[in-house]
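Structure first, commentary second.
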Amino acid sequence: MAEMQTYIAWANDSNILGSSASGGIFQALAKYFLTGLSTDDVERTVYGSWQDNQRFEVKHLGVYKQEDVDLLIGSKYYQSRMEGIYPEIKKKLLNNQMILFSGTPCQVAGLKSYLKGSGVKEISKLLTIEVLCHGVSSRKVILHYLEWLEKKSGKKIKDLHFRTKKRRWYDKGSSMEIYYNDGSMRIMNRYADPFYLAFNHSMSLRPSCYSCRFAKIDRIADITIGDFWGAEKYIDDKQKLHNGIGLVMVNSDTGREFWEKAAGIITSFPADIQKAIPRNGAIIKPVKKPTSRQIFFDSLDMCEFNELIVKCFGRKRLMKIRIKGAIGEERIKQIKRTVFHRT
Ligand SMILES: Cc1cc2nc3c(=O)[nH]c(=O)nc-3n(C[C@H](O)[C@H](O)[C@H](O)COP(=O)(O)OP(=O)(O)OC[C@H]3O[C@@H](n4cnc5c(N)ncnc54)[C@H](O)[C@@H]3O)c2cc1C
Ligand code: SF4
């Protein structure tokens, strides 16, 4: 078993980078898997999560063509449905087809345990990629949020992207784009938007996420992908930081073999995982359940989404978070340094 290796990385193709949540690593690897591996005629399928914008539902989907990988890109911060996917993958593996399965670590674990008990011996044709994951919301939470937003704006929502690249990735990357039926679009700031506040403060997550067995340094998937928050300490180039920097953990021999083959389409530098952990707790441990989670779910059916957030945070704390967001973390650090003469 190979020793885990960690990289700071981003896709070389600017279209891939611009349309992905982070470093575009998933899209680059998935497209390479479908066409770049060899000239043999083995069938290949890439599985990942797809958002159905008619129903605002996320489900896993298998795609065969490079252009269809576009259906799977981007983070969706609510649970992806898996109905029928594990049996479909088993069937393909038994037919000697090659599979790239991507999802949350618990979904990768679910697939592996399903295959173990199902008589599939040949799993060398399976490559697994997991996103670093601090938790998912349920669909009920996002539907409640969208209902409030439509009421507030008086417009129908036709699409949402949880992570925008129209703001700087390194400090605003976790803001959401909302697309309305009249053709307009709004960017919801992560410090002000009620869905983001609940998600980022771990109030709206599913119960199992608070005791996640897969949030540890020994990863379940062949390759782990996430954000390299804090990359500005190691990379000077503002444009690169603007576009998104990924964290990649290569965890197995299968992962390593594939990662090395794909080296030409990704820029990467070895990195110390210890440097990433302080800004990304999901690498080593599950998130703590805040006491306000109980209030959140007890009140979900009774309050509008914005009122729910006031109830959970309290007006004073909410105001503090929003002011911090408006000023920006970097500026606050500068002010503290000036006022308190900190170096
Ligand atoms: C629920 C969730 C929580 C996350 N938490 C963290 C975190 O704490 N720290 C961190 O560094 N990164 C986290 N990420 C990962 C991060 O948001 C990026 O997805 C990751 O950095 C990969 O970016 P990319 O540009 O390579 O690929 P992208 O194209 O942006 O990502 C696409 C990949 O994400 C998968 N995916 C998207 N939504 C879902 C979903 N709902 N269920 C299962 N798979 C999904 C797709 O299948 C595909 O593999 C989280 C992602 C999700 C979905
Ligand atoms: S935090 Fe763990 S249990 Fe929750 S969705 Fe992510 S991998 Fe699954």
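Chain identifiers are assigned as A, B, and so on, following the order in which chains appear in the structure tokens; residues are numbered from 1 within each chain, and ligands are numbered from 1 in order of appearance.
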Considering only C-alpha atoms, return as a list in words whatever protein or nucleic-acid residues lie within 12 Å of range 39-43 of chain A, sequence-local ones (same chain, fewer than 3 positions apart) excluded.
Phe33, Leu34, Thr35, Gly36, Val46, Val63, Tyr64, Lys65, Lys92, Leu93, Asn95, Asn96, Gln97, Met98, Ile99, Leu100 and Lys125 of chain A
Mind dumping the selected residues with all heavy atoms as a compact mmCIF listing (two decimals), in the first residue's frame?
# COMPACT_ATOMS: atom_id res chain seq x y z
N PHE A 33 -9.86 10.36 -17.67
CA PHE A 33 -10.24 8.94 -17.47
C PHE A 33 -11.04 8.43 -18.68
O PHE A 33 -10.85 7.31 -19.13
CB PHE A 33 -11.09 8.84 -16.20
CG PHE A 33 -11.56 7.45 -15.88
CD1 PHE A 33 -10.77 6.59 -15.13
CD2 PHE A 33 -12.80 6.99 -16.30
CE1 PHE A 33 -11.19 5.30 -14.82
CE2 PHE A 33 -13.24 5.70 -16.00
CZ PHE A 33 -12.43 4.86 -15.26
N LEU A 34 -11.93 9.29 -19.20
CA LEU A 34 -12.80 8.84 -20.30
C LEU A 34 -12.07 8.70 -21.62
O LEU A 34 -12.39 7.83 -22.42
CB LEU A 34 -13.99 9.81 -20.46
CG LEU A 34 -15.05 9.71 -19.35
CD1 LEU A 34 -16.16 10.71 -19.59
CD2 LEU A 34 -15.63 8.31 -19.25
N THR A 35 -11.07 9.52 -21.86
CA THR A 35 -10.45 9.47 -23.19
C THR A 35 -8.92 9.35 -23.20
O THR A 35 -8.36 8.88 -24.17
CB THR A 35 -10.77 10.75 -24.00
OG1 THR A 35 -10.33 11.84 -23.23
CG2 THR A 35 -12.23 10.88 -24.33
N GLY A 36 -8.30 9.75 -22.12
CA GLY A 36 -6.84 9.88 -22.19
C GLY A 36 -6.05 8.66 -21.76
O GLY A 36 -4.84 8.63 -21.89
N VAL A 46 -17.96 7.48 -15.82
CA VAL A 46 -17.65 8.32 -14.66
C VAL A 46 -18.95 8.60 -13.92
O VAL A 46 -19.94 9.03 -14.52
CB VAL A 46 -17.02 9.67 -15.11
CG1 VAL A 46 -16.96 10.65 -13.94
CG2 VAL A 46 -15.63 9.45 -15.68
N VAL A 63 -21.78 8.95 -16.62
CA VAL A 63 -21.64 9.54 -17.96
C VAL A 63 -20.49 8.87 -18.71
O VAL A 63 -19.54 8.38 -18.10
CB VAL A 63 -21.42 11.08 -17.91
CG1 VAL A 63 -22.56 11.78 -17.18
CG2 VAL A 63 -20.09 11.44 -17.25
N TYR A 64 -20.59 8.87 -20.04
CA TYR A 64 -19.62 8.16 -20.88
C TYR A 64 -18.81 9.11 -21.75
O TYR A 64 -17.75 8.76 -22.24
CB TYR A 64 -20.35 7.18 -21.82
CG TYR A 64 -21.46 6.44 -21.13
CD1 TYR A 64 -22.77 6.94 -21.14
CD2 TYR A 64 -21.20 5.26 -20.46
CE1 TYR A 64 -23.78 6.26 -20.48
CE2 TYR A 64 -22.21 4.58 -19.80
CZ TYR A 64 -23.50 5.09 -19.81
OH TYR A 64 -24.48 4.44 -19.15
N LYS A 65 -19.38 10.31 -22.02
CA LYS A 65 -18.71 11.23 -22.94
C LYS A 65 -18.07 12.38 -22.16
O LYS A 65 -18.64 12.86 -21.18
CB LYS A 65 -19.74 11.84 -23.90
CG LYS A 65 -20.37 10.83 -24.82
CD LYS A 65 -21.16 11.60 -25.87
CE LYS A 65 -22.44 10.89 -26.23
NZ LYS A 65 -23.58 11.71 -26.33
N LYS A 92 -21.41 -3.35 -14.36
CA LYS A 92 -20.38 -2.89 -15.31
C LYS A 92 -19.02 -3.50 -14.98
O LYS A 92 -18.27 -3.88 -15.88
CB LYS A 92 -20.29 -1.36 -15.29
CG LYS A 92 -21.47 -0.70 -16.00
CD LYS A 92 -21.36 0.80 -15.91
CE LYS A 92 -22.65 1.47 -16.33
NZ LYS A 92 -22.71 1.85 -17.71
N LEU A 93 -18.70 -3.57 -13.69
CA LEU A 93 -17.41 -4.16 -13.30
C LEU A 93 -17.37 -5.64 -13.69
O LEU A 93 -16.34 -6.14 -14.16
CB LEU A 93 -17.17 -3.99 -11.79
CG LEU A 93 -16.82 -2.58 -11.31
CD1 LEU A 93 -16.82 -2.50 -9.79
CD2 LEU A 93 -15.47 -2.12 -11.86
N ASN A 95 -18.75 -6.87 -16.15
CA ASN A 95 -18.58 -6.89 -17.61
C ASN A 95 -17.24 -6.30 -18.03
O ASN A 95 -17.05 -5.90 -19.18
CB ASN A 95 -19.69 -6.08 -18.28
CG ASN A 95 -20.97 -6.87 -18.35
OD1 ASN A 95 -20.93 -8.09 -18.42
ND2 ASN A 95 -22.09 -6.19 -18.30
N ASN A 96 -16.32 -6.20 -17.05
CA ASN A 96 -14.95 -5.73 -17.33
C ASN A 96 -14.85 -4.28 -17.76
O ASN A 96 -13.88 -3.89 -18.40
CB ASN A 96 -14.30 -6.60 -18.41
CG ASN A 96 -13.47 -7.65 -17.77
OD1 ASN A 96 -12.96 -7.44 -16.66
ND2 ASN A 96 -13.34 -8.79 -18.42
N GLN A 97 -15.87 -3.48 -17.46
CA GLN A 97 -15.80 -2.06 -17.81
C GLN A 97 -15.02 -1.31 -16.73
O GLN A 97 -14.91 -1.79 -15.60
CB GLN A 97 -17.21 -1.50 -17.95
CG GLN A 97 -17.98 -2.17 -19.07
CD GLN A 97 -19.35 -1.54 -19.27
OE1 GLN A 97 -19.58 -0.40 -18.91
NE2 GLN A 97 -20.24 -2.30 -19.86
N MET A 98 -14.52 -0.11 -17.08
CA MET A 98 -13.78 0.68 -16.11
C MET A 98 -14.66 1.78 -15.53
O MET A 98 -15.41 2.43 -16.26
CB MET A 98 -12.54 1.30 -16.76
CG MET A 98 -11.57 0.21 -17.18
SD MET A 98 -9.99 0.86 -17.66
CE MET A 98 -9.36 1.44 -16.13
N ILE A 99 -14.54 1.97 -14.22
CA ILE A 99 -15.42 2.91 -13.52
C ILE A 99 -14.61 3.92 -12.72
O ILE A 99 -13.69 3.55 -11.99
CB ILE A 99 -16.32 2.15 -12.50
CG1 ILE A 99 -17.14 1.04 -13.18
CG2 ILE A 99 -17.22 3.11 -11.73
CD1 ILE A 99 -18.20 1.52 -14.12
N LEU A 100 -14.99 5.21 -12.87
CA LEU A 100 -14.50 6.22 -11.92
C LEU A 100 -15.72 6.62 -11.11
O LEU A 100 -16.70 7.14 -11.67
CB LEU A 100 -13.92 7.43 -12.65
CG LEU A 100 -13.21 8.50 -11.80
CD1 LEU A 100 -12.43 9.45 -12.70
CD2 LEU A 100 -14.10 9.29 -10.88
N LYS A 125 -10.48 -2.35 -11.72
CA LYS A 125 -11.01 -1.47 -12.77
C LYS A 125 -11.84 -0.33 -12.18
O LYS A 125 -12.52 0.40 -12.89
CB LYS A 125 -11.85 -2.29 -13.75
CG LYS A 125 -11.00 -3.25 -14.56
CD LYS A 125 -11.74 -3.83 -15.71
CE LYS A 125 -10.82 -4.41 -16.75
NZ LYS A 125 -9.78 -5.29 -16.20
Do you have, as JSON lines, the list of residues of chain A lying at most 7 Å from ligand 2, each with its nearest atom pair and that distance in Å to one decimal, counting only C-alpha atoms and all ligand atoms and ordered by chain then number?
{"residue": "A:Thr104", "atom": "CA", "partner": "ligand 2", "partner_atom_place_in_ligand_line": "7 (S)", "distance": 4.9}
{"residue": "A:Pro105", "atom": "CA", "partner": "ligand 2", "partner_atom_place_in_ligand_line": "7 (S)", "distance": 4.3}
{"residue": "A:Cys106", "atom": "CA", "partner": "ligand 2", "partner_atom_place_in_ligand_line": "8 (Fe)", "distance": 4.3}
{"residue": "A:Gln107", "atom": "CA", "partner": "ligand 2", "partner_atom_place_in_ligand_line": "8 (Fe)", "distance": 6.7}
{"residue": "A:Cys133", "atom": "CA", "partner": "ligand 2", "partner_atom_place_in_ligand_line": "6 (Fe)", "distance": 4.4}
{"residue": "A:His134", "atom": "CA", "partner": "ligand 2", "partner_atom_place_in_ligand_line": "1 (S)", "distance": 4.5}
{"residue": "A:Gly135", "atom": "CA", "partner": "ligand 2", "partner_atom_place_in_ligand_line": "1 (S)", "distance": 3.6}
{"residue": "A:Val136", "atom": "CA", "partner": "ligand 2", "partner_atom_place_in_ligand_line": "5 (S)", "distance": 5.0}
{"residue": "A:Arg206", "atom": "CA", "partner": "ligand 2", "partner_atom_place_in_ligand_line": "4 (Fe)", "distance": 6.7}
{"residue": "A:Ser208", "atom": "CA", "partner": "ligand 2", "partner_atom_place_in_ligand_line": "3 (S)", "distance": 5.1}
{"residue": "A:Cys209", "atom": "CA", "partner": "ligand 2", "partner_atom_place_in_ligand_line": "4 (Fe)", "distance": 3.5}
{"residue": "A:Tyr210", "atom": "CA", "partner": "ligand 2", "partner_atom_place_in_ligand_line": "1 (S)", "distance": 6.9}
{"residue": "A:Cys212", "atom": "CA", "partner": "ligand 2", "partner_atom_place_in_ligand_line": "2 (Fe)", "distance": 4.2}
{"residue": "A:Arg213", "atom": "CA", "partner": "ligand 2", "partner_atom_place_in_ligand_line": "2 (Fe)", "distance": 6.6}
{"residue": "A:Phe214", "atom": "CA", "partner": "ligand 2", "partner_atom_place_in_ligand_line": "2 (Fe)", "distance": 5.8}
{"residue": "A:Ala215", "atom": "CA", "partner": "ligand 2", "partner_atom_place_in_ligand_line": "2 (Fe)", "distance": 6.4}
{"residue": "A:Pro286", "atom": "CA", "partner": "ligand 2", "partner_atom_place_in_ligand_line": "1 (S)", "distance": 6.5}
Within 6 Å of ligand 1, counting only C-alpha atoms and all ligand atoms, which protein or nucleic acid residues do you find, written as JSON, numbers by chain?
{"A": [20, 21, 22, 23, 24, 25, 26, 27, 48, 49, 72, 73, 74, 75, 76, 77, 78, 79, 80, 102, 103, 104, 131, 132, 133, 134, 135, 136, 225, 226, 227, 246, 280, 282]}
Those in range 261-332 of chain A with strand (DSSP E) from DSSP, as a ChimeraX atom specification:
/A:266-270
Hey, what's within 8 Å of Glu304 in chain A if we count only C-alpha atoms and toss same-chain stuff fewer than 4 positions away? As a count of residues only, please?
4
Name the residues of range 14-249 of chain A that fall into alpha helix (DSSP H) according to DSSP on the backbone, using the chain letters and numbers of this document, as a PyMOL selection string.
chain A and resi 14-19+25-35+85-94+105-116+139-153+169-172+194-200+238-243
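Shortest separation to Gly154 in chain A among A:Asp182, A:Asp301, A:Glu3, A:Glu232 occurs at residue A:Asp182, atoms counted being only C-alpha atoms.
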Which value, in Å to one decimal, gives the distance between CA of Ser138 in chain A and CA of Ile157 in chain A?
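According to the coordinates, CA of Ser138 in chain A and CA of Ile157 in chain A are separated by 18.8 Å.
If you look at CA of Ser118 in chain A and CA of Asp253 in chain A, they are 23.3 Å away from each other.
Here CA of His161 in chain A is placed at a distance of 27.8 Å from CA of Arg315 in chain A.
With only C-alpha atoms as the atoms that count, the minimum distance from Thr267 in chain A to the choices A:Ile283, A:Gln5, A:Lys240, A:Phe340 is reached by A:Lys240.
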For Thr45 in chain A, which residue out of A:Ile332, A:Asn12, A:Ala30, A:Val58 is the nearest one, using only C-alpha atoms?
A:Ala30
Calculated over only C-alpha atoms, which of the candidates A:Gly110, A:Pro270, A:Gly230, A:Pro194 has the smallest distance to Gly244 in chain A?
A:Gly230
